[in-house]
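Student: Here's a structure for you.
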Amino acid sequence: MMWQRLRSVRFVVWAAVLLISPSISAQQEPTYTIRVNSDLVQISVVPRERNGRFVRDLTRDDFAVIEDGHPQQLSAVDLETVAVPHTTWAPLLPLQLPILTSKAPVPVSALRGLRLVLLFLDFTSLDPDGAARSLRAAESYVGTIGSADRVAVASLAAELQVQQDFTGDQRALQQALKRLHGLSRTALEGNGNNSDDLDYQVFNDYQRLRSLRVLTSALAQVPQKKSVVIFAGNPGSDPDLVGIRATVDAAVRTSVSFYGVDANGLAAAPPLGDATRASSYGTSVLSGTAVAQGGGAIHDQDLLYALARGTGGRAFFDSNDFERPFRTLEDDTREYYMLSYRSSNSRRDGRYRRISVRVRRRGLELKHPGGYYGPRDRTRVSARDAERVLTEELAADLPATSLPVFGFVNHLRMGENLFYVPITVVLPAEALLNNGIAASAAIGLTVVDGRGRLVRKLRDLIPVSVVTQHPTRAVQYETATELPAGEYNLRLVVVQNSTGQVGSFSTPVRLPRRDQSGISVSSLFSGTLAAASSISPKSPLVVNGSRLVLNPLAEYGDERPFAMQYQVECGAATHGGEACDARQIRSSLQCFSSDQRVFKAEPPAIAVTGDTAIFRIEFPAGSLHPGTYKCRVTAVNPQCGAFALGATQLRIRDEHEPNLSSWRF
């Protein structure tokens with residue numbers, strides 16, 4: 001059967017350091033329904049003439065809204081304008097707005113004419129220099145806010161915290177930012193949390209997105225546009241598509257736009273070219289177009305870019321002008337129309353609904369949301385209907401995200417057009433506990449090709465015994481498949497059979513055709529060695545009777561041995577009339593702490609298969625001291641004069657340190 005081609009299932013206990021504990025009033029993952037279990041849809045529209053001038057005299061009769069091809073009846077059209085300093089009523093607007101820290105609703109009348117801006121500083125991705133630049137930029141902006149601006153400050157380090165709720169008091173905001181100077185040092189030094197730590201980076205991607213959803217949920221009570229400025233240093237690329245879609249959908253539903261600021265400053269070219277231009281929601285990479293194509297492909301885009309593009313905000317890369325994001329934000333939020341209607345679509349299927357807005361007046365350019373995900377009813381899950389839930393969530397446009405789940409996909413070439421694809425799933429063992437009692441979990445996985453065709457399928461069970469053995473650590477589940485070169489989308493779903501919580505993960509998979517250069521280095525894999533089994537006889541990770549058990553986060557105790565493996569492949573090109581011979585390939589690996597080399601090996605190939613040489617280096621216990629290392633591979637073929645490079649990172653943990661593992665969600 002189809003899922004039998006996914007094989008090599010294994011459960012491993014993994015002990016990475018997990019520091020996740022949001023602490024604002026909205027603790028639980030929000031349930032995204034439109035205006036709290038109603039079908040009220042509110043979208044912002046910015047109409048401009050071709051010269052850029054905003055059009056202020058439109059009425060309800062001038063607008064027409066189409067949802068999935070069906071005209072909608074507008075219930076209200078409101079012109080929202082930020083009060084200007086010289087107006088007589090601007091100074092009378094409330095100075096304090098406890099939107100994030102108080103459960104009491106804020107009267108809508110108190111919000112009219114205000115610009116709401118939330119500054120979100122993500123210390124999990126900021127290095128000390130980036131943190132300092134971000135705080136200086138925030139302090140500079142706070143010193144320029146007007147009488148109609150209300151600003152809040154939130155930070156993410158070991159947990160999500162609101163440092164200052166919305167206020168127009170510049171002094172209070174400056175004091176909140178001053179406190180963050182000390183917090184940034186604690187977060188960056190005390191937790192060892194910087195952009196070079198591969199394990200922190202992966203898990204922080206989840207916590208960053210979840211924190212943004214929690215903040216967005218708290219802002220849902222405010223019907224007008226809100227702006228969230230994200231200061232981040234190295235947010236990473238190729239993140240979880242499900243988490244991004246959930247975050248973008250939550251923002252679109254509540255009229256929140258993300259403005260991403262790369263705190264690295266002037267460094268390198270931004271992904272996909274210039275991302276500083278505002279984009280229509282309708283052309284966003286996470287709009288219905290992406291959904292219709294089977295999940296979209298944003299694997300080369302920065303996370304900040306995807307969040308900004310999907311919510312109609314803007315992202316700023318490769319620039320030392322940290323005032324520009326705020327000037328752009330103010331221009332984007334100065335004037336707009338808020339259109340309200342109740343959707344004629346009563347289905348609660350969670351499908352994406354496309355929106356188009358038209359005006360009777362010709363020659364106008366409109367900026368507006370391209371659509372939203374409809375409401376969806378979710379029921380509790382028992383063991384007998386886990387299969388139904390797996391099927392529904394694997395097919396859903398926006399699957400559930402209440403359970404933290406992470407997937408890691410790698411690939412190794414097995415032939416001219418065939419790859420071995422190991423897949424690793426990691427989830428916290430705490431997620432499989434219900435009041436301290438371990439529970440099993442059902443897992444489902446699908447691989448879909450670029451045309452939307454299902455090519456692989458898996459169903460399995462994570463047994464209770466895996467959790468009861470190590471209730472404070474994380475569970476690692478392994479499987480593998482073989483795929484031809486091409487582009488795919490992988491989605492996995494885990495259902496906790498006791499609580500009914502569901503977690504989803506999705507990521508694009510690119511399997512490239514053979515490199516045309518002289519030689520090329522594959523990804524560098526690390527893990528522990530174990531005796532080979534009969535489950536994976538064809539696996540390139542099995543060499544000379546031993547199998548490399550992958551550690552996707554590349555973190556190891558300083559008293560445990562581990563190994564690193566990679567392949568060097570001959571390409572189609574020849575140099576000086578000489579074809580590449582894999583037997584002639586030579587390789588070396590060096591590991592650096594800062595700029596100091598601390599490890600070097602020149603291993604012989606442990607196997608040569610066709611035009612591929614396989615190298616494996618074993619690191620004895622204690623060979624590297626605790627810290628973060630960058631390891632680089634150099635491969636050369638002197639016969640044809642070709643060379644190639646590769647790199648990865650390792651984190652070595654002091655096993656005598658107290659176990660800091662904790663996952664609160």
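Every chain in the structure tokens has a letter given in the order shown (A, B, ...), and although residue numbers restart at 1 in each chain, ligands are simply numbered from 1 in the order shown.
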What's around Thr612 in chain A at 10 Å? Count only C-alpha atoms, leave out sequence neighbours fewer than 3 positions away in its own chain, and write the answer as a list in words.
Tutor: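 Here the qualifying residues turn out to be Arg413, Met414, Gly415, Ile519, Ser520, Val521, Gln567, Val568, Glu569, Cys570, Gly571, Asp581, Ala582, Arg583, Ile585, Ala605, Ala607, Val608, Thr609 and Phe615 of chain A.
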Student: Which range 291-361 of chain A residues have any atom within 9 Å of an atom of range 94-117 of chain A, and for each, what is the nearest pair of atoms with distance in Å to one decimal, counting only C-alpha atoms, rows sorted by chain and number, as a Markdown table?
Tutor:
| residue | atom | partner | partner_atom | distance |
| --- | --- | --- | --- | --- |
| A:Leu329 | CA | A:Val117 | CA | 8.9 |
| A:Glu330 | CA | A:Arg115 | CA | 8.3 |
| A:Thr333 | CA | A:Arg115 | CA | 7.2 |
| A:Arg334 | CA | A:Arg115 | CA | 8.0 |
Student: So that I can check the surroundings of Asn410 in chain A, please list as a VMD selection string every protein, DNA and RNA residue that reaches within 9 Å of it, counting only C-alpha atoms and ignoring chain neighbours fewer than 3 positions away.
Tutor: chain A and resid 420 to 424 509 523 525
Student: So that I have them on file, write out the residues from the current selection with C-alpha atoms, as a PDB file, in the first residue's frame.
Tutor:
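Listing of out.pdb after writing:
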ATOM      1  CA  TYR A 420      16.410   9.076   0.236  1.00  0.00           C
ATOM      2  CA  VAL A 421      14.308  11.440   2.409  1.00  0.00           C
ATOM      3  CA  PRO A 422      14.583  10.971   6.210  1.00  0.00           C
ATOM      4  CA  ILE A 423      11.755  12.652   8.136  1.00  0.00           C
ATOM      5  CA  THR A 424      12.034  13.426  11.858  1.00  0.00           C
ATOM      6  CA  VAL A 509      10.531  19.895   0.171  1.00  0.00           C
ATOM      7  CA  SER A 523      23.894  18.663   3.719  1.00  0.00           C
ATOM      8  CA  PHE A 525      24.151  15.337   9.052  1.00  0.00           C
TER       9      PHE A 525
END
Student: Contacts of Phe231 in chain A at 9 Å or less, counting only C-alpha atoms, minus same-chain residues fewer than 6 places along, as a list of chain:residue names?
Tutor: A:Leu119, A:Phe120, A:Leu121, A:Asp122, A:Phe123, A:Leu126, A:Gly130, A:Ala131, A:Ser134, A:Leu135, A:Tyr259, A:Gly260, A:Val261, A:Asp262, A:Ala263
Student: For the selection just defined, write its residues with all heavy atoms to a file, as a compact mmCIF listing (two decimals), in the first residue's frame.
Tutor:
# COMPACT_ATOMS: atom_id res chain seq x y z
N LEU A 119 5.10 47.54 19.68
CA LEU A 119 6.51 47.24 19.42
C LEU A 119 6.81 45.87 20.03
O LEU A 119 6.69 45.68 21.25
CB LEU A 119 7.41 48.30 20.04
CG LEU A 119 7.14 49.75 19.64
CD1 LEU A 119 8.11 50.70 20.34
CD2 LEU A 119 7.21 49.93 18.13
N PHE A 120 7.22 44.92 19.20
CA PHE A 120 7.49 43.55 19.63
C PHE A 120 8.97 43.26 19.41
O PHE A 120 9.43 43.19 18.28
CB PHE A 120 6.62 42.57 18.84
CG PHE A 120 6.87 41.13 19.17
CD1 PHE A 120 6.42 40.58 20.36
CD2 PHE A 120 7.54 40.31 18.28
CE1 PHE A 120 6.64 39.25 20.66
CE2 PHE A 120 7.76 38.97 18.56
CZ PHE A 120 7.32 38.44 19.76
N LEU A 121 9.71 43.11 20.50
CA LEU A 121 11.15 42.85 20.42
C LEU A 121 11.41 41.38 20.70
O LEU A 121 11.16 40.89 21.81
CB LEU A 121 11.91 43.74 21.41
CG LEU A 121 11.86 45.22 21.05
CD1 LEU A 121 10.89 45.96 21.97
CD2 LEU A 121 13.24 45.85 21.13
N ASP A 122 11.90 40.69 19.70
CA ASP A 122 12.13 39.25 19.78
C ASP A 122 13.58 38.98 20.16
O ASP A 122 14.45 38.85 19.30
CB ASP A 122 11.78 38.59 18.45
CG ASP A 122 12.10 37.11 18.44
OD1 ASP A 122 12.16 36.53 19.53
OD2 ASP A 122 12.30 36.55 17.35
N PHE A 123 13.86 38.91 21.46
CA PHE A 123 15.23 38.71 21.92
C PHE A 123 15.72 37.29 21.66
O PHE A 123 16.91 37.02 21.80
CB PHE A 123 15.33 39.04 23.41
CG PHE A 123 15.18 40.50 23.71
CD1 PHE A 123 14.10 40.98 24.42
CD2 PHE A 123 16.12 41.41 23.25
CE1 PHE A 123 13.95 42.33 24.68
CE2 PHE A 123 15.99 42.76 23.50
CZ PHE A 123 14.90 43.23 24.22
N LEU A 126 17.76 38.00 18.54
CA LEU A 126 18.63 39.17 18.50
C LEU A 126 19.96 38.89 19.17
O LEU A 126 20.00 38.36 20.29
CB LEU A 126 17.96 40.36 19.19
CG LEU A 126 16.74 40.97 18.49
CD1 LEU A 126 16.02 41.92 19.44
CD2 LEU A 126 17.16 41.69 17.22
N GLY A 130 22.27 43.61 17.65
CA GLY A 130 20.92 43.78 17.10
C GLY A 130 19.94 44.26 18.15
O GLY A 130 19.06 45.08 17.87
N ALA A 131 20.08 43.75 19.38
CA ALA A 131 19.21 44.20 20.46
C ALA A 131 19.42 45.68 20.74
O ALA A 131 18.45 46.44 20.93
CB ALA A 131 19.46 43.37 21.72
N SER A 134 17.88 47.75 17.93
CA SER A 134 16.42 47.73 17.99
C SER A 134 15.90 48.65 19.09
O SER A 134 14.94 49.41 18.88
CB SER A 134 15.94 46.30 18.25
OG SER A 134 16.32 45.43 17.21
N LEU A 135 16.53 48.60 20.25
CA LEU A 135 16.08 49.45 21.35
C LEU A 135 16.32 50.93 21.03
O LEU A 135 15.48 51.78 21.37
CB LEU A 135 16.80 49.05 22.63
CG LEU A 135 16.35 47.70 23.23
CD1 LEU A 135 17.28 47.25 24.34
CD2 LEU A 135 14.91 47.82 23.75
N TYR A 259 4.88 44.74 10.56
CA TYR A 259 5.98 45.46 9.95
C TYR A 259 7.27 44.85 10.51
O TYR A 259 7.56 44.96 11.70
CB TYR A 259 5.91 46.95 10.28
CG TYR A 259 4.76 47.64 9.57
CD1 TYR A 259 3.46 47.51 10.03
CD2 TYR A 259 4.99 48.41 8.43
CE1 TYR A 259 2.39 48.11 9.37
CE2 TYR A 259 3.94 49.02 7.77
CZ TYR A 259 2.64 48.87 8.24
OH TYR A 259 1.60 49.46 7.57
N GLY A 260 8.02 44.17 9.66
CA GLY A 260 9.22 43.47 10.09
C GLY A 260 10.46 44.31 9.91
O GLY A 260 10.69 44.89 8.85
N VAL A 261 11.29 44.38 10.94
CA VAL A 261 12.54 45.13 10.90
C VAL A 261 13.68 44.18 11.21
O VAL A 261 13.76 43.61 12.31
CB VAL A 261 12.54 46.29 11.91
CG1 VAL A 261 13.85 47.06 11.83
CG2 VAL A 261 11.35 47.22 11.65
N ASP A 262 14.55 43.97 10.24
CA ASP A 262 15.72 43.13 10.43
C ASP A 262 16.79 43.95 11.15
O ASP A 262 17.37 44.87 10.59
CB ASP A 262 16.24 42.64 9.08
CG ASP A 262 17.46 41.74 9.20
OD1 ASP A 262 17.86 41.45 10.34
OD2 ASP A 262 18.02 41.36 8.16
N ALA A 263 17.04 43.59 12.41
CA ALA A 263 17.96 44.37 13.24
C ALA A 263 19.41 44.19 12.85
O ALA A 263 20.29 44.87 13.39
CB ALA A 263 17.77 44.01 14.71
Student: Excluding Gln174 in chain A and any residue of its chain fewer than 2 positions from it, enumerate the residues within 10 Å of it, using only C-alpha atoms, and give them as a ChimeraX atom specification.
Tutor: /A:135,138-140,142-143,153,164,169-172,176-180
Student: I'd like the neighbourhood of Pro399 in chain A as number ranges by chain, where a residue qualifies if any of its atoms comes within 9 Å (using only C-alpha atoms), though same-chain residues fewer than 6 positions away should be ignored.
Tutor: A: 242, 246, 350, 392-393, 493, 502-505
Student: Using DSSP assignments from the backbone, pull out every residue in range 378-417 of chain A that falls under strand (DSSP E) and give it to me as an NGL selection string.
Tutor: :A and (406-409 or 412-415)
Student: What gap, in Å, lies between CA of Gly444 in chain A and CA of Val425 in chain A?
Tutor: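 Between these atoms lies a distance of 10.9 Å.
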Student: With only C-alpha atoms as the basis for distance, which of A:Arg491, A:Leu412, A:Lys538, A:Val598 is at the shortest distance from Leu524 in chain A?
Tutor: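 Of A:Arg491, A:Leu412, A:Lys538, A:Val598, the one nearest Leu524 in chain A, counting only C-alpha atoms, is A:Leu412.
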